[in-house]
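Shown next: entry.cif, containing mmCIF, C-alpha atoms.
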data_protein
loop_
_atom_site.label_atom_id
_atom_site.label_comp_id
_atom_site.auth_asym_id
_atom_site.auth_seq_id
_atom_site.Cartn_x
_atom_site.Cartn_y
_atom_site.Cartn_z
CA MET A 1 45.92 101.55 83.09
CA LYS A 2 44.65 103.42 86.13
CA ILE A 3 45.65 100.71 88.59
CA PHE A 4 49.23 100.71 87.28
CA ALA A 5 49.36 104.49 87.66
CA LYS A 6 48.20 104.07 91.27
CA ILE A 7 50.94 101.51 91.93
CA ARG A 8 53.49 103.87 90.38
CA PHE A 9 52.36 106.64 92.74
CA TYR A 10 52.85 104.54 95.86
CA TRP A 11 56.17 103.27 94.55
CA GLY A 12 57.31 106.87 93.98
CA ALA A 13 56.15 107.96 97.44
CA ALA A 14 57.98 105.01 99.04
CA VAL A 15 61.20 105.72 97.12
CA ILE A 16 61.18 109.37 98.16
CA SER A 17 60.54 108.52 101.81
CA LEU A 18 63.09 105.70 102.02
CA ASN A 19 65.83 107.56 100.18
CA THR A 20 65.28 110.53 102.46
CA ALA A 21 65.30 108.50 105.68
CA VAL A 22 67.90 105.85 104.85
CA LEU A 23 70.30 107.68 102.53
CA MET A 24 69.99 111.44 102.64
CA ILE A 25 69.58 112.28 106.33
CA PRO A 26 72.30 109.94 107.71
CA THR A 27 74.76 110.97 104.98
CA MET A 28 74.14 114.67 105.64
CA MET A 29 74.73 114.10 109.36
CA LEU A 30 78.02 112.35 108.68
CA LEU A 31 79.30 114.62 105.90
CA LYS A 32 78.10 118.02 107.02
CA LYS A 33 80.33 119.97 104.63
CA LYS A 34 78.96 118.08 101.62
CA LYS A 35 75.26 118.69 102.20
CA GLY A 36 74.65 120.39 98.86
CA VAL A 37 76.36 117.61 96.90
CA ILE A 38 74.50 114.91 98.86
CA ILE A 39 71.11 116.52 98.23
CA HIS A 40 71.91 116.83 94.52
CA TYR A 41 73.02 113.24 93.94
CA ILE A 42 70.41 111.48 96.07
CA ASN A 43 67.58 113.45 94.48
CA LYS A 44 69.03 112.54 91.09
CA LEU A 45 68.94 108.88 92.13
CA THR A 46 65.39 109.26 93.47
CA LEU A 47 64.13 110.82 90.24
CA PHE A 48 65.73 108.02 88.20
CA MET A 49 64.21 105.31 90.44
CA ILE A 50 60.68 106.63 89.94
CA GLY A 51 61.09 106.93 86.18
CA GLY A 52 61.52 110.68 85.93
CA LYS A 53 63.89 113.05 84.16
CA ALA A 54 64.52 116.78 84.50
CA VAL A 55 65.40 119.15 81.68
CA ALA A 56 66.07 122.89 81.59
CA GLU A 57 65.15 125.53 79.05
CA GLY A 58 66.97 128.82 79.33
CA GLU A 59 69.80 129.62 81.71
CA MET A 60 69.68 129.33 85.46
CA ASP A 61 71.06 132.63 86.73
CA LEU A 62 73.69 131.72 89.30
CA ASN A 63 73.74 135.33 90.50
CA ALA A 64 70.05 135.30 91.43
CA ASP A 65 69.21 135.66 95.13
CA MET A 66 65.79 134.05 94.85
CA TYR A 67 64.08 131.58 92.51
CA VAL A 68 60.30 131.96 92.31
CA MET A 69 58.44 128.87 91.06
CA ASN A 70 54.93 127.56 90.55
CA HIS A 71 54.09 124.51 92.66
CA GLN A 72 52.30 121.17 92.19
CA GLY A 73 54.04 118.79 94.58
CA ILE A 74 57.22 117.32 96.01
CA ILE A 75 58.55 116.36 92.56
CA ASP A 76 59.05 120.09 91.89
CA ILE A 77 61.76 120.02 94.56
CA VAL A 78 63.19 116.58 93.83
CA ALA A 79 63.65 117.30 90.12
CA MET A 80 65.00 120.82 90.71
CA GLU A 81 67.66 119.44 93.03
CA ALA A 82 68.43 116.68 90.51
CA LEU A 83 68.71 119.22 87.69
CA GLN A 84 71.31 121.52 89.25
CA ASN A 85 73.95 121.37 91.97
CA ASN A 86 73.63 124.72 93.72
CA HIS A 87 72.97 124.51 97.45
CA LEU A 88 69.54 126.12 97.46
CA ARG A 89 67.74 127.13 100.63
CA TRP A 90 64.07 126.17 100.32
CA VAL A 91 61.27 127.97 102.13
CA ALA A 92 58.86 125.41 103.63
CA LYS A 93 55.88 125.65 105.94
CA LYS A 94 56.56 124.97 109.61
CA GLU A 95 54.36 121.85 109.61
CA LEU A 96 56.88 120.08 107.36
CA PHE A 97 59.65 120.78 109.87
CA ASP A 98 57.55 118.94 112.47
CA ALA A 99 57.30 115.79 110.30
CA ILE A 100 59.56 112.88 111.29
CA TRP A 101 61.63 112.29 108.15
CA PHE A 102 61.22 115.45 106.13
CA GLY A 103 61.55 117.61 109.22
CA ASN A 104 65.00 116.16 109.89
CA LEU A 105 65.95 116.69 106.25
CA LEU A 106 64.86 120.33 106.32
CA ARG A 107 66.60 121.04 109.61
CA HIS A 108 69.88 119.38 108.63
CA GLY A 109 69.72 121.12 105.25
CA GLU A 110 69.31 124.48 107.05
CA MET A 111 66.16 125.28 105.11
CA ILE A 112 63.84 128.15 106.05
CA SER A 113 60.77 127.52 108.20
CA LEU A 114 57.65 129.61 107.59
CA ASP A 115 54.96 129.69 110.28
CA ARG A 116 51.90 131.00 108.45
CA GLY A 117 49.91 131.32 111.67
CA ASN A 118 52.45 133.63 113.29
CA LYS A 119 52.10 137.38 112.77
CA ALA A 120 55.86 137.79 113.12
CA ALA A 121 56.52 135.21 110.37
CA LEU A 122 57.29 137.84 107.73
CA VAL A 123 59.86 139.57 109.95
CA LYS A 124 61.59 136.22 110.55
CA LEU A 125 61.47 135.39 106.84
CA VAL A 126 63.13 138.69 105.91
CA LYS A 127 65.87 137.97 108.44
CA ASP A 128 66.36 134.40 107.16
CA VAL A 129 66.59 135.50 103.52
CA LYS A 130 69.05 138.25 104.46
CA ILE A 131 71.25 135.66 106.21
CA SER A 132 71.00 133.42 103.14
CA LYS A 133 72.20 136.22 100.90
CA GLU A 134 74.83 137.92 103.04
CA THR A 135 76.20 135.15 105.28
CA LEU A 136 75.47 131.73 103.80
CA HIS A 137 75.63 132.88 100.16
CA ARG A 138 72.82 130.49 99.26
CA ALA A 139 69.98 131.43 96.94
CA VAL A 140 66.45 131.01 98.28
CA ALA A 141 63.83 128.92 96.46
CA ILE A 142 60.20 129.80 97.13
CA PHE A 143 56.71 128.92 95.94
CA PRO A 144 54.79 132.24 96.16
CA GLU A 145 51.43 130.52 95.59
CA GLY A 146 51.85 129.23 99.13
CA THR A 147 50.18 125.88 98.42
CA ARG A 148 49.92 123.19 95.76
CA ALA A 149 47.66 124.23 92.91
CA LYS A 150 45.37 121.69 91.22
CA ASP A 151 44.73 123.51 87.95
CA GLN A 152 46.54 125.36 85.16
CA LYS A 153 45.72 128.76 86.59
CA LEU A 154 48.26 130.22 88.97
CA LEU A 155 46.92 131.03 92.41
CA PRO A 156 47.44 134.61 93.61
CA PHE A 157 51.00 135.10 94.83
CA LYS A 158 51.53 135.83 98.51
CA GLN A 159 52.68 139.41 98.99
CA GLY A 160 55.37 138.36 101.45
CA THR A 161 57.64 137.35 98.57
CA LYS A 162 57.34 140.83 97.06
CA ILE A 163 57.91 142.58 100.39
CA ILE A 164 61.09 140.57 101.08
CA ALA A 165 62.49 141.12 97.58
CA ASN A 166 61.78 144.86 97.73
CA LYS A 167 63.22 145.29 101.22
CA LEU A 168 66.44 143.42 100.44
CA GLY A 169 66.79 144.53 96.80
CA LEU A 170 67.00 140.96 95.54
CA LYS A 171 67.65 139.58 92.10
CA VAL A 172 64.68 137.31 91.42
CA GLN A 173 64.53 134.67 88.68
CA PRO A 174 61.10 133.22 87.85
CA VAL A 175 61.01 129.53 86.93
CA VAL A 176 58.04 127.80 85.27
CA ILE A 177 57.67 124.09 86.06
CA THR A 178 55.62 121.78 83.85
CA GLY A 179 55.25 118.00 83.80
CA SER A 180 55.87 117.26 87.48
CA LYS A 181 52.25 116.35 88.16
CA TRP A 182 52.42 113.71 85.41
CA VAL A 183 55.41 112.07 87.11
CA LEU A 184 53.75 112.10 90.55
CA ASN A 185 50.25 113.50 91.04
CA GLU A 186 49.57 113.93 94.75
CA HIS A 187 45.95 114.98 94.20
CA GLU A 188 44.90 111.96 92.12
CA LYS A 189 47.58 109.63 93.54
CA THR A 190 48.93 108.53 90.16
CA GLY A 191 52.43 108.20 88.76
CA HIS A 192 54.05 107.77 85.33
CA ASN A 193 57.39 107.82 83.56
CA GLY A 194 57.94 111.38 82.42
CA THR A 195 60.03 114.52 82.17
CA VAL A 196 59.83 117.58 84.39
CA HIS A 197 60.57 120.77 82.47
CA TYR A 198 62.07 123.88 84.07
CA LYS A 199 61.88 127.07 82.06
CA PHE A 200 64.20 129.76 83.44
CA LEU A 201 62.89 133.23 82.63
CA PRO A 202 64.90 136.49 82.68
CA THR A 203 66.04 137.63 86.12
CA ILE A 204 64.44 140.71 87.65
CA ASP A 205 66.72 143.08 89.55
CA VAL A 206 64.12 144.34 92.00
CA SER A 207 66.24 147.34 93.01
CA LYS A 208 65.88 148.67 89.44
CA ALA A 209 62.45 147.29 88.53
CA GLU A 210 59.09 149.02 88.14
CA ASP A 211 56.76 149.07 91.15
CA ASN A 212 54.46 146.51 89.53
CA TRP A 213 57.25 143.97 88.83
CA PHE A 214 55.63 141.31 91.03
CA GLU A 215 52.26 141.50 89.28
CA THR A 216 54.02 141.43 85.89
CA LEU A 217 56.00 138.37 87.01
CA HIS A 218 52.74 136.56 87.82
CA GLU A 219 51.30 137.41 84.41
CA THR A 220 54.48 136.34 82.58
CA MET A 221 54.60 133.00 84.38
CA GLN A 222 50.92 132.35 83.58
CA LYS A 223 51.52 133.08 79.90
CA GLU A 224 54.41 130.62 79.85
CA ILE A 225 52.30 127.97 81.59
CA ASP A 226 49.54 128.46 79.01
CA ASN A 227 52.07 128.35 76.17
CA GLU A 228 53.55 125.07 77.41
CA TYR A 229 50.09 123.51 77.58
CA ILE A 230 48.86 124.77 74.19
CA ASN A 231 52.04 124.15 72.18
CA HIS A 232 53.65 121.21 73.97
CA HIS A 233 50.68 119.59 75.78
CA ARG A 234 52.49 119.84 79.09
CA SER A 235 50.36 120.74 82.07
CA ARG A 236 51.76 122.35 85.17
#
What does the file become when written as structure tokens?
Amino acid sequence: MKIFAKIRFYWGAAVISLNTAVLMIPTMMLLKKKKGVIIHYINKLTLFMIGGKAVAEGEMDLNADMYVMNHQGIIDIVAMEALQNNHLRWVAKKELFDAIWFGNLLRHGEMISLDRGNKAALVKLVKDVKISKETLHRAVAIFPEGTRAKDQKLLPFKQGTKIIANKLGLKVQPVVITGSKWVLNEHEKTGHNGTVHYKFLPTIDVSKAEDNWFETLHETMQKEIDNEYINHHRSR
């Protein structure tokens, strides 16, 4: 029933907000050396409370410097953190850092802020990713579409991701996410019990790749998205 799906959406949104504000942020402030573990376990609890599960297909490359993913909504992040326990460093738009609850979470988690309206944003992003790789030893997670897509078709990828990877010679693993919009659809404001699927594709060593690796990556991810929909009826 549509009304039940609406209720499930608002329940999911409330759980995410409350768990972030009441559990995650205070615990991270108190146990600063355990931030990665805290993020992992509380997101796992959050996903369970809203009736979701996360499963992986393929191997997550622990030597990758950057994970490139398609994007539908906040469940992409929640389920990814619930699925694995690496201390990822997410790239998020600056506006989210200005939000009350999520801004505190991003700042305390030492995530990367991206100011799209600033011409120097790319220079800062290169510096932040370099620090992640060489100093913090934390892989970066990024959504190269730059915004939440509504349909099956991938939006064009922002060239900044390619520039950073080329400049720093990163190892980039593409990840295709399907099913997250069924669990929590932020466009239609509906929610359901469901499973978020993460398909880990082969890692690209950019320092050894062809010049068109980024365009090929986009095409490969789109083919996988189409395959998931046609053969498994899972939309992205």
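Here the question is which of A:Ala79, A:Leu125, A:Ile225, A:Ile38 gets nearest to A:Asp151 using only C-alpha atoms, and that residue is A:Ile225.
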Give me the residues near A:Glu57 as a short mmCIF file (atom, residue, chain, number, x, y, z; two decimals) with C-alpha atoms, in the coordinates of the input, where near means some atom within 8 Å (using all atoms listed in the file) and where sequence neighbours in that chain fewer than 2 positions away do not count.
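Saved file result-v7.cif follows:
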data_model
loop_
_atom_site.label_atom_id
_atom_site.label_comp_id
_atom_site.auth_asym_id
_atom_site.auth_seq_id
_atom_site.Cartn_x
_atom_site.Cartn_y
_atom_site.Cartn_z
CA VAL A 55 65.40 119.15 81.68
CA GLU A 59 69.80 129.62 81.71
CA HIS A 197 60.57 120.77 82.47
CA TYR A 198 62.07 123.88 84.07
CA LYS A 199 61.88 127.07 82.06
CA PHE A 200 64.20 129.76 83.44
#
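Counting from atom CA of A:His137, the distance to atom CA of A:Val91 is 15.3 Å.
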Check the smallest atom-to-atom distance from each of A:Asn118, A:Asn185, A:Asn19, A:Asn166 to A:Gly73 using only C-alpha atoms, then report the winner. A:Asn185
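The gap separating atom CA of A:Met69 from atom CA of A:Lys208 is 21.2 Å, in Å to one decimal.
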Select all residues near (62.0, 126.5, 86.8) (cut-off 12 Å, inclusive, file coordinates), counting all atoms listed in the file, and output them as JSON, numbers by chain. {"A": [54, 55, 56, 57, 58, 59, 60, 61, 66, 67, 68, 69, 70, 71, 76, 77, 79, 80, 81, 83, 84, 141, 142, 143, 173, 174, 175, 176, 177, 178, 179, 180, 196, 197, 198, 199, 200, 201, 202, 203, 221, 224, 225, 236]}
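Among the candidates A:Ala139, A:Leu105, A:Ile164, A:Ala209, the residue lying nearest to A:Lys35 is A:Leu105 (atoms considered: only C-alpha atoms).
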What does the structure give for the distance between atom CA of A:Phe97 and atom CA of A:Leu31, in Å to one decimal? 21.0 Å
Taking 3 positions as the minimum chain separation for residues in the same chain, which residues sit within 12 Å of A:Trp213 when counting only C-alpha atoms? Answer as a PyMOL selection string. chain A and resi 161-163+165-166+171-174+203-210+216-220
May I have the centre and edge lengths, in Å to one decimal, of an axis-aligned box around the listed atoms of stretch 186-203 of chain A with 8 Å added to every side, as JSON?
{"center_x": 55.5, "center_y": 122.7, "center_z": 88.4, "size_x": 37.1, "size_y": 45.9, "size_z": 28.7}
Residues in the PyMOL selection byres ((chain A and resi 112) around 8), expressed as a ChimeraX atom specification: /A:89-92,106,110-111,113-114,125,128
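Remark: for A:Ile230, the closest of the candidate residues A:Gln152, A:Arg116, A:Lys2, A:Leu45 is A:Gln152 (distances computed over all atoms listed in the file).
Summary of the local environment: counting only C-alpha atoms, residues at most 10 Å from A:Lys6, other than itself and those fewer than 4 positions away along its chain, are Met1, Lys2, Tyr10, Trp11, Gly12, Leu184, Asn185, Glu188, Lys189, Thr190, Gly191 and His192 of chain A.
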Could you list, as a count of residues only, every residue matched by the PyMOL selection byres ((chain A and resi 155-158) around 6) in this structure? 5
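For the choices A:Met29, A:Ala120, A:Met24, A:Ile50, the atom-to-atom distance to A:Ile7 is smallest for A:Ile50 when using all atoms listed in the file.
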Just checking: using all atoms listed in the file, which residue out of A:Ala99, A:Ile16, A:Gln72, A:Ala149 ends up closest to A:Lys44? A:Ile16
